[in-house]
Amino acid sequence: MPLLAVRNLRTRFATDRGTVRAVDGVSFDLAEGEVLGLVGESGSGKSVTALSIMRLVPEPPGRVTADSMSFDGTDLLRLTEAQAREVRGASMAMVFQDPMRSLNPVLSIGRQLVEVLQRHQKLGRQAARRRAIELLEMVGIPLADKRLAAYPHQFSGGMRQRVMIAIALSCNPRLLIADEATTALDVTIQAQIVDLVKRLTRERGTSVIWISHDLGVVANLCDRVNVMYAGRIVESAPIRDLFQRPSHGYTLGLLGSTPRIDGPALRRLSPIDGLPPNLIDPLPLCPFLPRCRVSVAACRERAPDRRDLGHEHWATCFAELGPRAP
Amino acid sequence: MAIAQPPATPRFAGSIRLAARQFPRHRAAMVGLVCLVLLCLAAAFAPLIAPFDPVQIKLSAKLRPPSLEHLLGTDHFGRDVFSRLLYGGRTSLSVGLLVVAFAFVLGVPLGLASGYFGGRTDNLLMRLVDAFLTFPPLLLAVALVGLLGPDIQNVMLALGVVQAPVLARMVRGSTLAVREEVYVTAARALGAGPGRIVVSHLLRNVVSPIVVQLTVVFAAAVVAEASLSFLGFGTQPPQPSWGRDMSEARRFLGDAPWMFLGPTGAIMLCVLSINFLGDGLRDALDPRAWRTRRTVAAEER
Ligand SMILES: Nc1ncnc2c1ncn2[C@@H]1O[C@H](COP(=O)(O)OP(=O)(O)OP(=O)(O)O)[C@@H](O)[C@H]1O
Ligand code: SF4
Ligand SMILES: [Mg+2]
């Protein structure tokens with residue numbers, strides 16, 4: 001049984017201009033210990049998917065529905081807010097993009113760590129403090145015992161993200177969601193943080209959802225990857241397979257100049273021409289159609305169904321793209 | 001480079017305790033605190049300190065300039081300005097401080113609730129607040145005192161009711177901004193409940209504007225008390241109050257400027273002290289403003 005099974009997740013926001021379908025029928029499984037990448041352009045619904053799983057979407061204006069969303073045997077959508085609070089931070093944790101702003105500036109690092117430990121693990125003050133030092137050492141912060149009394153502004157961005165990871169992993173969650181956790185950091189620090197997450201989650205068998213713009217990082221870290229477009233998963237594949245056989249018009253555009261997973265080229269998502277999709281009145285066709293460069297006749301007649309390509313690889317696309325040239 | 005380690009402080013103290021340790025380092029704030037305490041003591045022990053009876057009329061000694069006998073001169077009834085100042089402080093300081101307390105107790109929770117819950121709660125609370133804010137403040141206070149009866153307690157209550165909505169509106173605005181901060185979502189993602197969010201995250205981060213606003217409320221209350229007294233509510237003549245004496249003295253500005261200088265100086269001293277105190281409080285509660293050896297050492301490491 002997968003750790004997390006999401007079926008037909010829909011998250012909408014009521015706005016002045018109409019209902020925004022930020023997440024529009026997302027389904028996927030996440031196995032125990034699996035590292036899943038979630039990629040897609042800005043506004044494709046990656047963060048909202050993560051927040052929906054964490055039950056952190058503000059309702060109203062948001063509204064989250066799903067056929068089911070089970071985590072470790074419980075349906076997340078049935079939890080009361082109080083029950084959801086027990087899950088958050090304890091068995092599910094999240095790291096955000098902006099390490100400069102995700103720690104409270106007026107509370108010490110130690111206080112913020114200890115608070116979480118006391119809340120979920122019912123540790124005493126001294127025990128929580130000892131554990132906090134261990135955690136800071138674990139994420140590679142030198143002089144951890146002195147650093148407990150420091151405040152976020154005294155740390156660099158990379159250090160703060162280490163602290164965030166320490167806090168997120170403090171209660172041994174089964175699932176860690178990292179939303180653009182390295183995007184705001186410079187490249188060398190980025191690599192260190194990715195390695196850290198890789199090591200720590202492997203050691204503990206933590207499942208990870210890694211949200212990123214950076215296909216290079218995703219390729220390095222993830223077992224499989226879901227490609228999102230206009231609030232839907234348009235392609236899902238083991239990481240190698242995705243690079244070898246991109247099977248959706250959008251994925252193809254996304255890989256852009258990236259020739260091969262092992263090639264030296266740029267692995268950033270290349271921007272794709274054309275307007276982003278309309279999330280308020282979506283076409284009853286493939287949402288990528290107006291921007292697609294490989295569309296076929298069928299694309300203009302009906303919406304594509306999910307097509308199975310073997311090797312746990314599927315895509316919702318009519319075009320038969322075949323493997324990419326080496 | 002050898003940086004002297006700070007004396008053996010416990011390595012993990014609560015941030016309030018750290019803030020308390022920071023406060024005395026803020027010179028201006030300490031000066032403000034000392035002045036305010038002295039003013040309060042002077043008012044409290046007025047009967048022991050005052051050389052004259054503050055209400056005793058002695059027309060033969062009217063409008064005397066400052067001298068050794070009358071340190072700050074006398075007024076148009078021959079009453080000792082200094083003695084009136086001491087007694088007047090009892091009224092003015094308690095009005096100022098109690099109105100501040102009242103505005104705080106009423107306005108801050110209201111603003112926090114409005115900003116935190118948003119939506120319908122916010123709508124309802126802010127409509128109420130706006131209803132109060134549409135009246136000119138003095139008129140509202142007069143109406144309230146008229147309703148409750150013209151004594152000094154009711155004046156304080158009325159001024160508190162007038163000031164609380166101003167504070168509530170401001171706290172709401174700041175709360176709305178802080179609520180959108182990533183660290184608030186991050187805290188919720190770690191299982192923090194509403195109480196935690198409101199106290200450790202929202203309140204702690206809107207403290208500075210609150211403190212600033214409260215110093216304004218204090219000054220406004222002292223002056224408003226004067227206006228109310230002048231209109232016949234609040235302090236009744238011949239009882240002294242800074243505000244009342246100040247407005248009285250305006251008529252004699254040309255002949256007896258000392259009459260004006262006494263109460264005006266007292267009000268200004270008071271407002272300045274509270275301002276400094278507020279600055280210090282604000283800085284003490286914001287770790288980013290701390291300049292200690294510990295901070296420097298941490299940065300250089
Ligand atoms: N509170 C909200 N109210 C209204 N619309 C919202 C709200 N939150 C998100 N949205 C909309 O949902 C859509 C998906 O946003 P989301 O943040 O999930 O994108 P994303 O894939 O994470 O993009 P990025 O890469 O920029 O982080 C966007 O169009 C956004 O405007
Ligand atoms: S379904 Fe058609 S329009 Fe959509 S991505 Fe595939 S080829 Fe392009
Ligand atoms: Mg996002």
# chains A, B, ... in the order shown; residues from 1 in each chain; ligands from 1
$ residues_around --residues "B:Leu106" --least-positions-apart "2" --cutoff "9 Å" --atoms "only C-alpha atoms" --output "list in words"
Ala101, Phe102, Ala103, Phe104, Val108, Pro109, Leu110, Gly111, Gly160, Val161, Ala164, Pro165, Leu167 and Ala168 of chain B
$ select_by_dssp --residues "stretch 12-89 of chain A" --states "strand (DSSP E or B)" --output "PyMOL selection string"
chain A and resi 12-15+18-30+35-39+62-65+68-71+74-75+88
$ residues_near_ligand --ligand "ligand 1" --cutoff "6 Å" --atoms "only C-alpha atoms and all ligand atoms" --output "ChimeraX atom specification"
/A:13,22,41-48
$ atom_distance --atom1 "atom CA of A:Pro284" --atom2 "atom CA of A:Ala303"
6.3 Å
$ residues_near_ligand --ligand "ligand 3" --cutoff "12 Å" --atoms "only C-alpha atoms and all ligand atoms" --output "VMD selection string"
chain A and resid 22 38 to 51 95 to 98 177 to 181 183 210 to 213 228 231
